[in-house]
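Enquirer: Mind having a look at this structure? Questions to follow.
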Amino acid sequence: MDGSVDEERRKFEEAKKNLETWKTKAEKADDVKARLILEKLEEDDAKAKAQQEMFACVKKQEECQKEFTQRINAVQDEIEKLGKRRQELLDKLQRYQAELEAKRAESIKLKQKFKIYVQIPDTEVKFRGQNKEELEDNSQPIRGVFAISQRPTVPLQGGQALITFEEETVASQILKIAKCSVSCDSLSVDVKPQTVTMDPAVKFEVHLDVSRKELKVSNIPPSMSDERMKDRLEMSFSRPSRGGGEVESVEYDKNTGTGQITFLHSRVAESLALRGSYHVHLDSEVNVQVGHIYKYQLRKFQTFCGSPKRTILLDDIKDIGDEEDLQDHLEIHFQKPSNYGGEIETIKYISRGKALQAFFLCEDTPKMDD
């Protein structure tokens, strides 16, 4: 009996010990569970924070991408605008260049139209005046005035004719007719009377002054300073033994190698200019060119154009025979009063493929020049 009680007590103690053990284990498991739950909560917080940061980064990236796209589009728009602007400027440049070329061509045409190619022939001129001693030292320049007048011209092309009548009324009557039919043997030719428009002509005066006291010097070698060169030139041109005289002033341009000597007396410059050359002493003897100093002035420049009152142009004439024969038929036709014609002073017809220039010598009388 006692043995069973002890056994029961032992089992009870053992069970109690096991219970304590399991209780301890349960407490430890609860602690571990609580710690794991706490760690899980912390990890959840960290995860949520990381997700928020990730979402913020994604959002920022999207914003950056959007801003980048906007900037790219803005740059492309600006590039397109600049490209359009560049093309507009290129088109404008080409247009201005075309206008410039047109203006240049017009300028060249006008220059050619107003340029005078006539070579003025040599003319002997005899000057008369009192031979007084006091006039030998005259310091006034030699003055000359040349009046130049260009003859009015009309270009005559092939298939055209110019007719000058003796009376203005005859020309005005013919110009009222739109078309004239001229009989040529068995054929007839239709011609169109037109008003003659002369090319612009010019008239002007050239005033020329030739200095009596000043001498132009050229081909001066740049072998020394400006002041020293002036001194050498003054000494060289002051020597009476070489034809020089007292020098009033000296000018020198090193860049062009030219100078100007002003003498006190006029006859020195005139005599030296006739020589054409002069020996001056620089570092060595040098031969320089000398000549007169001219001053030009263009005055009373006038341009004029108009239409001759007694001359008409016949246009659109077909070649149907010999040039002289057709001209004779034209002259016969326009001399008849029944054709509203009258006395003809001059007539000129040229066939197709030819051209000439008609110069008006006086009033309405033209002179032909090939």
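Ligands are numbered from 1 in the order shown, chains are lettered A, B, ... in the order of the structure tokens, and residues start at 1 in each chain.
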Taking the DSSP secondary structure from the backbone, can you list the residues of stretch 173-356 of chain A that are helix (DSSP H, G or I), as a PDB file with N, CA, C and O atoms, in the first residue's frame?
Expert:
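Result file follows (part_7.pdb):
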```pdb
ATOM      1  N   GLN A 173      -0.469 112.137-138.659  1.00  0.00           N
ATOM      2  CA  GLN A 173      -1.554 111.460-139.364  1.00  0.00           C
ATOM      3  C   GLN A 173      -1.263 109.978-139.547  1.00  0.00           C
ATOM      4  O   GLN A 173      -2.135 109.128-139.371  1.00  0.00           O
ATOM      5  N   ILE A 174      -0.029 109.655-139.901  1.00  0.00           N
ATOM      6  CA  ILE A 174       0.337 108.248-140.114  1.00  0.00           C
ATOM      7  C   ILE A 174       0.232 107.466-138.803  1.00  0.00           C
ATOM      8  O   ILE A 174      -0.195 106.300-138.784  1.00  0.00           O
ATOM      9  N   LEU A 175       0.610 108.106-137.684  1.00  0.00           N
ATOM     10  CA  LEU A 175       0.586 107.406-136.389  1.00  0.00           C
ATOM     11  C   LEU A 175      -0.831 107.076-135.936  1.00  0.00           C
ATOM     12  O   LEU A 175      -1.021 106.211-135.073  1.00  0.00           O
ATOM     13  N   ASP A 226      59.215 109.562 -93.454  1.00  0.00           N
ATOM     14  CA  ASP A 226      58.433 110.586 -94.148  1.00  0.00           C
ATOM     15  C   ASP A 226      59.085 111.965 -94.056  1.00  0.00           C
ATOM     16  O   ASP A 226      59.208 112.678 -95.069  1.00  0.00           O
ATOM     17  N   GLU A 227      59.494 112.370 -92.869  1.00  0.00           N
ATOM     18  CA  GLU A 227      60.068 113.695 -92.696  1.00  0.00           C
ATOM     19  C   GLU A 227      61.388 113.837 -93.452  1.00  0.00           C
ATOM     20  O   GLU A 227      61.662 114.862 -94.082  1.00  0.00           O
ATOM     21  N   ARG A 228      62.183 112.788 -93.403  1.00  0.00           N
ATOM     22  CA  ARG A 228      63.465 112.841 -94.117  1.00  0.00           C
ATOM     23  C   ARG A 228      63.239 112.874 -95.625  1.00  0.00           C
ATOM     24  O   ARG A 228      63.945 113.576 -96.362  1.00  0.00           O
ATOM     25  N   MET A 229      62.210 112.124 -96.079  1.00  0.00           N
ATOM     26  CA  MET A 229      61.897 112.116 -97.507  1.00  0.00           C
ATOM     27  C   MET A 229      61.448 113.506 -97.965  1.00  0.00           C
ATOM     28  O   MET A 229      61.849 113.982 -99.042  1.00  0.00           O
ATOM     29  N   LYS A 230      60.627 114.173 -97.151  1.00  0.00           N
ATOM     30  CA  LYS A 230      60.187 115.525 -97.496  1.00  0.00           C
ATOM     31  C   LYS A 230      61.380 116.475 -97.617  1.00  0.00           C
ATOM     32  O   LYS A 230      61.440 117.302 -98.542  1.00  0.00           O
ATOM     33  N   ASP A 231      62.337 116.346 -96.674  1.00  0.00           N
ATOM     34  CA  ASP A 231      63.521 117.203 -96.728  1.00  0.00           C
ATOM     35  C   ASP A 231      64.327 116.953 -97.992  1.00  0.00           C
ATOM     36  O   ASP A 231      64.788 117.901 -98.654  1.00  0.00           O
ATOM     37  N   ARG A 232      64.501 115.659 -98.367  1.00  0.00           N
ATOM     38  CA  ARG A 232      65.283 115.339 -99.570  1.00  0.00           C
ATOM     39  C   ARG A 232      64.576 115.845-100.839  1.00  0.00           C
ATOM     40  O   ARG A 232      65.226 116.335-101.770  1.00  0.00           O
ATOM     41  N   LEU A 233      63.245 115.695-100.868  1.00  0.00           N
ATOM     42  CA  LEU A 233      62.508 116.182-102.032  1.00  0.00           C
ATOM     43  C   LEU A 233      62.605 117.703-102.145  1.00  0.00           C
ATOM     44  O   LEU A 233      62.794 118.255-103.243  1.00  0.00           O
ATOM     45  N   GLU A 234      62.492 118.382-101.024  1.00  0.00           N
ATOM     46  CA  GLU A 234      62.585 119.835-101.050  1.00  0.00           C
ATOM     47  C   GLU A 234      63.966 120.288-101.515  1.00  0.00           C
ATOM     48  O   GLU A 234      64.083 121.218-102.331  1.00  0.00           O
ATOM     49  N   MET A 235      65.021 119.614-101.026  1.00  0.00           N
ATOM     50  CA  MET A 235      66.370 119.998-101.447  1.00  0.00           C
ATOM     51  C   MET A 235      66.588 119.731-102.925  1.00  0.00           C
ATOM     52  O   MET A 235      67.190 120.542-103.641  1.00  0.00           O
ATOM     53  N   SER A 236      66.059 118.582-103.424  1.00  0.00           N
ATOM     54  CA  SER A 236      66.276 118.227-104.822  1.00  0.00           C
ATOM     55  C   SER A 236      65.542 119.172-105.765  1.00  0.00           C
ATOM     56  O   SER A 236      66.084 119.593-106.799  1.00  0.00           O
ATOM     57  N   PHE A 237      64.295 119.521-105.410  1.00  0.00           N
ATOM     58  CA  PHE A 237      63.524 120.390-106.303  1.00  0.00           C
ATOM     59  C   PHE A 237      63.841 121.874-106.106  1.00  0.00           C
ATOM     60  O   PHE A 237      63.289 122.709-106.809  1.00  0.00           O
ATOM     61  N   PRO A 240      68.294 125.219-108.701  1.00  0.00           N
ATOM     62  CA  PRO A 240      68.096 125.898-110.000  1.00  0.00           C
ATOM     63  C   PRO A 240      68.892 125.237-111.120  1.00  0.00           C
ATOM     64  O   PRO A 240      68.491 125.317-112.283  1.00  0.00           O
ATOM     65  N   SER A 241      70.022 124.587-110.787  1.00  0.00           N
ATOM     66  CA  SER A 241      70.840 123.956-111.820  1.00  0.00           C
ATOM     67  C   SER A 241      70.105 122.804-112.504  1.00  0.00           C
ATOM     68  O   SER A 241      70.432 122.436-113.627  1.00  0.00           O
ATOM     69  N   ARG A 242      69.120 122.230-111.814  1.00  0.00           N
ATOM     70  CA  ARG A 242      68.348 121.136-112.397  1.00  0.00           C
ATOM     71  C   ARG A 242      66.982 121.599-112.897  1.00  0.00           C
ATOM     72  O   ARG A 242      66.133 120.786-113.253  1.00  0.00           O
ATOM     73  N   SER A 266      55.248 130.108-110.443  1.00  0.00           N
ATOM     74  CA  SER A 266      54.484 129.197-111.291  1.00  0.00           C
ATOM     75  C   SER A 266      55.306 128.609-112.436  1.00  0.00           C
ATOM     76  O   SER A 266      55.122 127.466-112.813  1.00  0.00           O
ATOM     77  N   ARG A 267      56.195 129.361-113.017  1.00  0.00           N
ATOM     78  CA  ARG A 267      56.898 128.888-114.209  1.00  0.00           C
ATOM     79  C   ARG A 267      57.783 127.682-113.932  1.00  0.00           C
ATOM     80  O   ARG A 267      58.088 126.909-114.843  1.00  0.00           O
ATOM     81  N   VAL A 268      58.198 127.485-112.668  1.00  0.00           N
ATOM     82  CA  VAL A 268      59.052 126.335-112.333  1.00  0.00           C
ATOM     83  C   VAL A 268      58.268 125.042-112.506  1.00  0.00           C
ATOM     84  O   VAL A 268      58.723 124.082-113.148  1.00  0.00           O
ATOM     85  N   ALA A 269      57.059 124.987-111.932  1.00  0.00           N
ATOM     86  CA  ALA A 269      56.242 123.776-112.031  1.00  0.00           C
ATOM     87  C   ALA A 269      55.866 123.483-113.476  1.00  0.00           C
ATOM     88  O   ALA A 269      55.875 122.323-113.914  1.00  0.00           O
ATOM     89  N   GLU A 270      55.563 124.509-114.253  1.00  0.00           N
ATOM     90  CA  GLU A 270      55.164 124.302-115.654  1.00  0.00           C
ATOM     91  C   GLU A 270      56.317 123.723-116.464  1.00  0.00           C
ATOM     92  O   GLU A 270      56.136 122.794-117.259  1.00  0.00           O
ATOM     93  N   SER A 271      57.521 124.239-116.284  1.00  0.00           N
ATOM     94  CA  SER A 271      58.658 123.751-117.069  1.00  0.00           C
ATOM     95  C   SER A 271      59.050 122.335-116.667  1.00  0.00           C
ATOM     96  O   SER A 271      59.377 121.505-117.515  1.00  0.00           O
ATOM     97  N   LEU A 272      58.990 122.032-115.362  1.00  0.00           N
ATOM     98  CA  LEU A 272      59.330 120.674-114.926  1.00  0.00           C
ATOM     99  C   LEU A 272      58.289 119.659-115.380  1.00  0.00           C
ATOM    100  O   LEU A 272      58.629 118.517-115.724  1.00  0.00           O
ATOM    101  N   ALA A 273      57.009 120.030-115.389  1.00  0.00           N
ATOM    102  CA  ALA A 273      55.956 119.105-115.802  1.00  0.00           C
ATOM    103  C   ALA A 273      56.114 118.710-117.264  1.00  0.00           C
ATOM    104  O   ALA A 273      55.780 117.586-117.649  1.00  0.00           O
ATOM    105  N   LEU A 274      56.655 119.624-118.085  1.00  0.00           N
ATOM    106  CA  LEU A 274      56.855 119.302-119.499  1.00  0.00           C
ATOM    107  C   LEU A 274      57.947 118.259-119.696  1.00  0.00           C
ATOM    108  O   LEU A 274      57.977 117.569-120.721  1.00  0.00           O
ATOM    109  N   ARG A 275      58.873 118.128-118.741  1.00  0.00           N
ATOM    110  CA  ARG A 275      59.948 117.133-118.856  1.00  0.00           C
ATOM    111  C   ARG A 275      59.418 115.707-118.700  1.00  0.00           C
ATOM    112  O   ARG A 275      59.859 114.780-119.386  1.00  0.00           O
ATOM    113  N   GLU A 323      16.147  94.346-150.294  1.00  0.00           N
ATOM    114  CA  GLU A 323      16.017  95.365-149.258  1.00  0.00           C
ATOM    115  C   GLU A 323      15.816  96.748-149.864  1.00  0.00           C
ATOM    116  O   GLU A 323      14.933  97.515-149.422  1.00  0.00           O
ATOM    117  N   GLU A 324      16.565  97.095-150.885  1.00  0.00           N
ATOM    118  CA  GLU A 324      16.447  98.420-151.500  1.00  0.00           C
ATOM    119  C   GLU A 324      15.110  98.576-152.223  1.00  0.00           C
ATOM    120  O   GLU A 324      14.492  99.648-152.181  1.00  0.00           O
ATOM    121  N   ASP A 325      14.645  97.492-152.878  1.00  0.00           N
ATOM    122  CA  ASP A 325      13.367  97.568-153.581  1.00  0.00           C
ATOM    123  C   ASP A 325      12.230  97.792-152.593  1.00  0.00           C
ATOM    124  O   ASP A 325      11.332  98.620-152.844  1.00  0.00           O
ATOM    125  N   LEU A 326      12.249  97.061-151.481  1.00  0.00           N
ATOM    126  CA  LEU A 326      11.193  97.224-150.491  1.00  0.00           C
ATOM    127  C   LEU A 326      11.229  98.618-149.879  1.00  0.00           C
ATOM    128  O   LEU A 326      10.189  99.231-149.616  1.00  0.00           O
ATOM    129  N   GLN A 327      12.432  99.161-149.665  1.00  0.00           N
ATOM    130  CA  GLN A 327      12.544 100.531-149.142  1.00  0.00           C
ATOM    131  C   GLN A 327      11.958 101.528-150.140  1.00  0.00           C
ATOM    132  O   GLN A 327      11.280 102.489-149.725  1.00  0.00           O
ATOM    133  N   ASP A 328      12.192 101.309-151.433  1.00  0.00           N
ATOM    134  CA  ASP A 328      11.616 102.200-152.453  1.00  0.00           C
ATOM    135  C   ASP A 328      10.095 102.137-152.430  1.00  0.00           C
ATOM    136  O   ASP A 328       9.418 103.182-152.541  1.00  0.00           O
ATOM    137  N   HIS A 329       9.526 100.939-152.271  1.00  0.00           N
ATOM    138  CA  HIS A 329       8.069 100.802-152.223  1.00  0.00           C
ATOM    139  C   HIS A 329       7.499 101.503-150.989  1.00  0.00           C
ATOM    140  O   HIS A 329       6.435 102.146-151.064  1.00  0.00           O
ATOM    141  N   LEU A 330       8.193 101.402-149.871  1.00  0.00           N
ATOM    142  CA  LEU A 330       7.744 102.094-148.661  1.00  0.00           C
ATOM    143  C   LEU A 330       7.773 103.605-148.866  1.00  0.00           C
ATOM    144  O   LEU A 330       6.850 104.321-148.459  1.00  0.00           O
ATOM    145  N   GLU A 331       8.840 104.094-149.508  1.00  0.00           N
ATOM    146  CA  GLU A 331       8.951 105.544-149.729  1.00  0.00           C
ATOM    147  C   GLU A 331       7.856 106.037-150.666  1.00  0.00           C
ATOM    148  O   GLU A 331       7.237 107.090-150.427  1.00  0.00           O
ATOM    149  N   ILE A 332       7.572 105.261-151.732  1.00  0.00           N
ATOM    150  CA  ILE A 332       6.520 105.665-152.678  1.00  0.00           C
ATOM    151  C   ILE A 332       5.158 105.698-151.986  1.00  0.00           C
ATOM    152  O   ILE A 332       4.364 106.626-152.167  1.00  0.00           O
ATOM    153  N   HIS A 333       4.887 104.668-151.152  1.00  0.00           N
ATOM    154  CA  HIS A 333       3.587 104.575-150.483  1.00  0.00           C
ATOM    155  C   HIS A 333       3.355 105.760-149.543  1.00  0.00           C
ATOM    156  O   HIS A 333       2.278 106.385-149.568  1.00  0.00           O
ATOM    157  N   PHE A 334       4.366 106.072-148.721  1.00  0.00           N
ATOM    158  CA  PHE A 334       4.167 107.098-147.704  1.00  0.00           C
ATOM    159  C   PHE A 334       4.409 108.520-148.233  1.00  0.00           C
ATOM    160  O   PHE A 334       4.299 109.482-147.475  1.00  0.00           O
ATOM    161  N   GLN A 335       4.731 108.667-149.524  1.00  0.00           N
ATOM    162  CA  GLN A 335       4.788 109.994-150.132  1.00  0.00           C
ATOM    163  C   GLN A 335       3.445 110.431-150.705  1.00  0.00           C
ATOM    164  O   GLN A 335       3.219 111.614-150.917  1.00  0.00           O
ATOM    165  N   PRO A 337      -0.226 111.571-150.906  1.00  0.00           N
ATOM    166  CA  PRO A 337      -1.227 112.193-150.029  1.00  0.00           C
ATOM    167  C   PRO A 337      -2.470 111.333-149.857  1.00  0.00           C
ATOM    168  O   PRO A 337      -3.142 111.408-148.831  1.00  0.00           O
ATOM    169  N   SER A 338      -2.766 110.478-150.858  1.00  0.00           N
ATOM    170  CA  SER A 338      -3.932 109.606-150.731  1.00  0.00           C
ATOM    171  C   SER A 338      -3.745 108.574-149.630  1.00  0.00           C
ATOM    172  O   SER A 338      -4.727 108.010-149.125  1.00  0.00           O
ATOM    173  N   ASN A 339      -2.515 108.301-149.254  1.00  0.00           N
ATOM    174  CA  ASN A 339      -2.220 107.381-148.136  1.00  0.00           C
ATOM    175  C   ASN A 339      -1.906 108.161-146.858  1.00  0.00           C
ATOM    176  O   ASN A 339      -1.269 107.614-145.953  1.00  0.00           O
TER     177      ASN A 339
END
```
Enquirer: Can you work out which one of A:Asp319, A:Ser172, A:Arg143, A:Ile148 has the shortest atom-to-atom distance to A:Tyr294, counting only C-alpha atoms?
Expert: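 Looking at the shortest contact to A:Tyr294, the residue is A:Arg143.
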Enquirer: I want to know what sits within 12 Å of A:Leu187, based on only C-alpha atoms, with residues of the same chain fewer than 3 positions away left out; could you give that as a list of chain:residue names?
Expert: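 Here the answer would be A:Ser181, A:Val182, A:Ser183, A:Cys184, A:Asp190, A:Lys318, A:Asp319, A:Ile320, A:Gly321, A:Leu326, A:His329.
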Enquirer: Separation of atom CA of A:Glu343 and atom CA of A:Thr311, in Å?
Expert: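 Atom CA of A:Thr311 lies at a distance of 12.1 Å from atom CA of A:Glu343.
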Enquirer: Name all residues at most 12 Å from stretch 349-360 of chain A (count only C-alpha atoms; drop same-chain ones fewer than 4 positions away) and give them as a ChimeraX atom specification.
Expert: /A:150-164,191,196-199,201,305-308,310-311,313-331,364-370
Enquirer: Just to confirm, what's the straight-line distance from atom CA of A:Phe204 to atom CA of A:Leu361 in Å (one decimal)?
Expert: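 These atoms are spaced 17.4 Å apart.
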Enquirer: I need the residues of stretch 197-266 of chain A that end up classed as strand (DSSP E) by DSSP on the backbone, written out as a ChimeraX atom specification.
Expert: /A:201-210,214-218,247-253,258-263
Enquirer: Between atom CA of A:Glu43 and atom CA of A:Lys59, what is the distance in Å, rounded to a tenth?
Expert: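 Spanning atom CA of A:Glu43 to atom CA of A:Lys59 is a straight-line distance of 23.5 Å.
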